[in-house]
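One structure below.
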Amino acid sequence: MVKGCEEATIIEPFNPIIDGNIPCTLVKFAIPLMFAMFLQVLYGAADVFVVGLYADKAAISAIANGTQFMFVVMGFIMGLTVGGTVLIGVRVGEKNTDGVAQAIGTIGVLFGGMSLILTPFLAGFTGIFVSWMRVPAEAVDYCVHYIFICSLGIPFIIGYNVVSAIYRGLGDSKTPLIFVGIACILNIIVDFILIGGFRMSTMGAALATVLSQGISFFLAVLYMRKKGCGFQICRRHFTLNREVISKIIRVGLPLACQDCLVSISFMIIMIFVNTMGLVASASVGISGRIIGFCMIPPVSLAGAVATMTAQNMGAKKTRRAILSLRYGILFSLIFGVGTWTFFQLVPELATGIFTHDVDVRRGAALYLQSFTLDCILVSIIFSMNSYFSGCGKSFVCMIYSLASTFGIRVPAAYWISTLPSCTLYHLGFAAPAATLFSIVIAVIYFVYVQREISSPNVCKNDKNLEDMGNVGIA
């Protein structure tokens with residue numbers, strides 16, 4: 001025996017997500033997500049901004065309705081990809097590299113098949129979808145063109161979200177930022193060319209979206225093939241592994257259904273708005289773009305909470321996961337309160353950026369003054385949902401989210417829209433009312449989950465967190 005061999009130890013590589021300072025790591029991971037989401041929101045807002053410069057409020061209404069429909073599809077896709085992110089995160093925490101490779105391969109095959117089914121279905125039924133949405137007559141043709149062209153780009157939308165989900169599961173939130181930045185820049189340039197130069201209105205906006213997403217996706221795939229993931233991925237990994245699919249569905253499908261149905265609820269609310277006229281429809285369309293920017297901090301921090309929870313649960317560090325949740329809520333609340341205050345003081349400062357139509361600008365401002373109360377409340381519920389998802393307990397999230405959506409938000413919006421003196425200001429309160437209901441249920445469930453995972457057998461491997469503030473960040 002070599003002298004001193006019995007004292008040798010294996011030094012594991014430092015992983016800031018499971019070993020580092022919790023608040024610093026959370027922020028460090030969330031910042032790239034914020035930039036990525038900012039670029040994604042800017043990506044969508046560019047269509048409304050450029051259309052607002054060169055077209056009328058009918059085109060704005062068409063894009064508002066068209067994107068609301070696409071959000072339904074995107075909600076399902078993005079919710080399902082979270083299942084892949086969580087599974088990859090857990091296997092990274094377990095240091096199971098072959099399991100990570102198997103998960104990545106299965107995710108690629110699964111979502112590739114989905115794109116082949118969704119694309120012809122959505123494109124073929126565009127006209128029916130538009131008629132269901134009761135789009136104002138002036139905006140119908142615009143909306144049909146927009147949805148049809150965007151539907152043809154579904155493979156690129158799915159592909160980009162899959163690549164982003166893989167990187168986030170691996171603990172890399174920076175790489176997706178590069179490719180969404182490329183897509184955003186391309187989209188803005190092509191928007192001005194097609195909408196401003198060729199006066200293609202909503203068709204130009206849709207074409208710009210599809211082209212920019214397609215180029216960004218192919219560049220992302222080429223980059224992944226060249227750089228790799230730090231471990232070997234072989235052809236044998238690209239199969240429909242039943243175990244992987246089962247785990248993705250168990251976590252991702254409830255979230256996919258939740259996000260999809262929540263988007264459907266907003267589409268239903270958009271139908272109520274459409275009955276109030278073209279000005280109301282365009283106003284809510286502009287408000288939706290602004291709300292997208294407002295939701296960047298809580299959504300990004302929640303994404304960081306999901307990854308930190310998944311990896312720490314995989315590493316049996318449950319107390320770190322809970323602290324990640326607490327810091328996620330705290331940081332989100334800072335942004336939420338600031339956003340609500342801004343829109344109580346100068347709401348038209350933001351709405352005036354997207355349109356010169358006085359009526360539309362004022363209508364959007366009224367809606368935002370009430371709706372932005374939700375920016376405070378989602379700071380809590382988004383992080384809690386991510387924590388539950390990271391723990392593999394997303395089914396209950398789906399149940400209470402759907403209960404709040406279809407039991408509170410939609411009925412409230414319908415009731416408010418039927419009132420004789422209803423304005424967009426009153427309609428805006430439907431969303432925060434539903435979120436408040438979700439928070440109450442989530443807090444009750446959190447107490448139950450905490451008791452379940454805090455048993456002695458689960459917590460015996462948790463490290464003492466007393467000195468975590470002194471641990472450096474890699």
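Order determines the names: the first chain of the structure tokens is A, the second B, and so forth; residues in each chain are numbered 1 upward, and ligands are numbered 1 upward as they are shown.
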
With a distance cut-off of 12 Å and only C-alpha atoms, select the neighbouring residues of Ile264 (chain A), excluding the residue or stretch itself and same-chain residues fewer than 2 positions from it, and output the selection as a PyMOL selection string.
chain A and resi 65+67-76+129+132-133+256-262+266-271+402+405-406+409-410

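Residues with any atom within 9 Å of Val50 (chain A), counting only C-alpha atoms and excluding same-chain neighbours fewer than 2 positions away, are Ala45, Ala46, Asp47, Val48, Gly52, Leu53, Tyr54, Ala55, Ile188, Asp191, Phe192, Ile195, Gly196, Ser201, Ala205 and Phe354 of chain A.
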
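Remark: for Arg326 (chain A), the closest of the candidate residues A:Leu26, A:Val86, A:Val284, A:Ile182 is A:Leu26 (distances computed over only C-alpha atoms).
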
Polymer residues at most 10 Å from Gly314 (chain A), only C-alpha atoms, same-chain spacing of 4 or more positions, as a VMD selection string
chain A and resid 18 86 to 87 89 to 95 308 to 310 318 390 to 391

Include C-alpha atoms and write out the residues we just selected as a PDB file, in the first residue's frame.
```
ATOM      1  CA  ILE A  18     -25.541  23.314  -4.533  1.00  0.00           C
ATOM      2  CA  VAL A  86     -36.011  19.631 -13.919  1.00  0.00           C
ATOM      3  CA  LEU A  87     -35.058  16.066 -14.918  1.00  0.00           C
ATOM      4  CA  GLY A  89     -31.119  19.340 -13.187  1.00  0.00           C
ATOM      5  CA  VAL A  90     -31.811  16.417 -10.861  1.00  0.00           C
ATOM      6  CA  ARG A  91     -29.454  14.112 -12.774  1.00  0.00           C
ATOM      7  CA  VAL A  92     -26.760  16.782 -12.793  1.00  0.00           C
ATOM      8  CA  GLY A  93     -27.150  16.988  -9.005  1.00  0.00           C
ATOM      9  CA  GLU A  94     -26.823  13.207  -8.848  1.00  0.00           C
ATOM     10  CA  LYS A  95     -23.715  13.381 -11.119  1.00  0.00           C
ATOM     11  CA  MET A 308     -31.671  25.580  -7.725  1.00  0.00           C
ATOM     12  CA  THR A 309     -34.464  23.563  -6.147  1.00  0.00           C
ATOM     13  CA  ALA A 310     -34.071  20.658  -8.592  1.00  0.00           C
ATOM     14  CA  THR A 318     -33.544  20.451   1.095  1.00  0.00           C
ATOM     15  CA  GLY A 390     -38.263  21.497  -8.582  1.00  0.00           C
ATOM     16  CA  CYS A 391     -39.501  19.104  -5.897  1.00  0.00           C
TER      17      CYS A 391
END
```

Compile the contact shell of Gly108 (chain A) as a short mmCIF file (atom, residue, chain, number, x, y, z; two decimals) with N, CA, C and O atoms, in the first residue's frame: residues with an atom at most 12 Å away, counting only C-alpha atoms, same-chain residues fewer than 2 positions apart removed.
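File out.cif, as written:
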```cif
data_model
loop_
_atom_site.label_atom_id
_atom_site.label_comp_id
_atom_site.auth_asym_id
_atom_site.auth_seq_id
_atom_site.Cartn_x
_atom_site.Cartn_y
_atom_site.Cartn_z
N THR A 81 -41.39 21.67 -21.49
CA THR A 81 -39.92 21.68 -21.46
C THR A 81 -39.38 21.84 -20.05
O THR A 81 -38.25 21.43 -19.78
N GLY A 84 -38.31 18.64 -18.72
CA GLY A 84 -36.97 18.27 -19.15
C GLY A 84 -35.88 18.99 -18.37
O GLY A 84 -34.87 18.40 -17.98
N ALA A 101 -27.41 12.58 -20.56
CA ALA A 101 -27.35 12.39 -22.01
C ALA A 101 -28.61 11.71 -22.53
O ALA A 101 -29.15 12.09 -23.59
N GLN A 102 -29.10 10.71 -21.79
CA GLN A 102 -30.33 10.02 -22.19
C GLN A 102 -31.51 10.96 -22.18
O GLN A 102 -32.38 10.93 -23.06
N ALA A 103 -31.57 11.82 -21.15
CA ALA A 103 -32.66 12.80 -21.06
C ALA A 103 -32.62 13.77 -22.23
O ALA A 103 -33.66 14.07 -22.84
N ILE A 104 -31.43 14.28 -22.57
CA ILE A 104 -31.30 15.23 -23.68
C ILE A 104 -31.72 14.58 -25.00
O ILE A 104 -32.46 15.19 -25.79
N GLY A 105 -31.28 13.36 -25.24
CA GLY A 105 -31.65 12.68 -26.48
C GLY A 105 -33.14 12.44 -26.60
O GLY A 105 -33.74 12.67 -27.65
N THR A 106 -33.75 11.99 -25.51
CA THR A 106 -35.19 11.72 -25.52
C THR A 106 -35.98 13.01 -25.71
O THR A 106 -36.99 13.04 -26.44
N LEU A 110 -38.67 13.58 -28.68
CA LEU A 110 -40.05 13.82 -28.27
C LEU A 110 -40.60 15.12 -28.83
O LEU A 110 -41.69 15.15 -29.43
N PHE A 111 -39.84 16.20 -28.68
CA PHE A 111 -40.34 17.50 -29.13
C PHE A 111 -40.25 17.66 -30.65
O PHE A 111 -41.02 18.41 -31.24
N GLY A 112 -39.31 16.93 -31.27
CA GLY A 112 -39.28 16.93 -32.73
C GLY A 112 -40.56 16.34 -33.31
O GLY A 112 -41.14 16.86 -34.27
N GLY A 113 -41.02 15.25 -32.70
CA GLY A 113 -42.28 14.64 -33.12
C GLY A 113 -43.47 15.55 -32.90
O GLY A 113 -44.40 15.62 -33.72
N MET A 114 -43.46 16.27 -31.78
CA MET A 114 -44.55 17.21 -31.49
C MET A 114 -44.68 18.28 -32.56
O MET A 114 -45.78 18.65 -32.97
N SER A 115 -43.53 18.79 -33.02
CA SER A 115 -43.56 19.86 -34.03
C SER A 115 -44.19 19.38 -35.34
O SER A 115 -44.88 20.14 -36.02
N PRO A 155 -41.98 24.55 -35.62
CA PRO A 155 -40.76 23.74 -35.37
C PRO A 155 -39.60 24.57 -34.82
O PRO A 155 -38.84 24.10 -33.97
N ILE A 158 -40.44 25.49 -31.06
CA ILE A 158 -40.21 24.32 -30.21
C ILE A 158 -38.71 24.06 -30.07
O ILE A 158 -38.20 23.83 -28.97
N GLY A 159 -38.00 24.10 -31.20
CA GLY A 159 -36.57 23.82 -31.17
C GLY A 159 -35.81 24.77 -30.27
O GLY A 159 -34.96 24.33 -29.46
N TYR A 160 -36.08 26.05 -30.37
CA TYR A 160 -35.37 27.01 -29.53
C TYR A 160 -35.64 26.76 -28.06
O TYR A 160 -34.73 26.79 -27.22
N ASN A 161 -36.91 26.51 -27.70
CA ASN A 161 -37.26 26.29 -26.29
C ASN A 161 -36.65 25.01 -25.74
O ASN A 161 -36.29 24.95 -24.56
N VAL A 162 -36.50 24.00 -26.58
CA VAL A 162 -35.87 22.76 -26.15
C VAL A 162 -34.39 22.99 -25.85
O VAL A 162 -33.87 22.56 -24.81
N VAL A 163 -33.69 23.68 -26.76
CA VAL A 163 -32.27 23.97 -26.54
C VAL A 163 -32.08 24.79 -25.27
O VAL A 163 -31.19 24.52 -24.45
N SER A 164 -32.93 25.78 -25.07
CA SER A 164 -32.84 26.63 -23.87
C SER A 164 -33.10 25.81 -22.61
O SER A 164 -32.42 25.99 -21.59
N ALA A 165 -34.08 24.91 -22.65
CA ALA A 165 -34.40 24.08 -21.49
C ALA A 165 -33.22 23.18 -21.13
O ALA A 165 -32.93 22.96 -19.94
N ILE A 166 -32.54 22.65 -22.14
CA ILE A 166 -31.39 21.77 -21.90
C ILE A 166 -30.28 22.55 -21.19
O ILE A 166 -29.72 22.10 -20.19
N VAL A 221 -28.31 25.07 -32.56
CA VAL A 221 -28.00 23.65 -32.77
C VAL A 221 -26.55 23.47 -33.20
O VAL A 221 -25.83 22.58 -32.70
N ILE A 233 -22.58 12.48 -25.82
CA ILE A 233 -23.95 12.13 -26.20
C ILE A 233 -23.86 11.34 -27.50
O ILE A 233 -23.35 11.82 -28.51
N ARG A 235 -25.60 8.33 -30.43
CA ARG A 235 -26.84 8.06 -31.14
C ARG A 235 -27.81 7.23 -30.30
O ARG A 235 -29.03 7.39 -30.41
N HIS A 237 -28.57 7.49 -27.40
CA HIS A 237 -29.33 8.32 -26.46
C HIS A 237 -30.57 8.94 -27.12
O HIS A 237 -31.49 9.35 -26.42
N PHE A 238 -30.56 9.02 -28.45
CA PHE A 238 -31.68 9.66 -29.15
C PHE A 238 -32.77 8.63 -29.46
O PHE A 238 -32.99 8.21 -30.59
N THR A 239 -33.44 8.22 -28.40
CA THR A 239 -34.56 7.30 -28.48
C THR A 239 -35.67 7.80 -27.56
O THR A 239 -35.45 8.67 -26.72
N LEU A 240 -36.85 7.22 -27.72
CA LEU A 240 -37.96 7.58 -26.82
C LEU A 240 -37.89 6.67 -25.59
O LEU A 240 -38.60 5.68 -25.49
N ASN A 241 -37.03 7.02 -24.68
CA ASN A 241 -36.85 6.25 -23.45
C ASN A 241 -38.09 6.42 -22.56
O ASN A 241 -38.45 7.54 -22.19
N VAL A 244 -37.58 8.20 -19.13
CA VAL A 244 -37.37 9.64 -19.26
C VAL A 244 -38.66 10.35 -19.61
O VAL A 244 -39.01 11.38 -19.02
N ILE A 245 -39.40 9.80 -20.58
CA ILE A 245 -40.67 10.42 -20.99
C ILE A 245 -41.63 10.47 -19.81
O ILE A 245 -42.32 11.48 -19.59
#
```
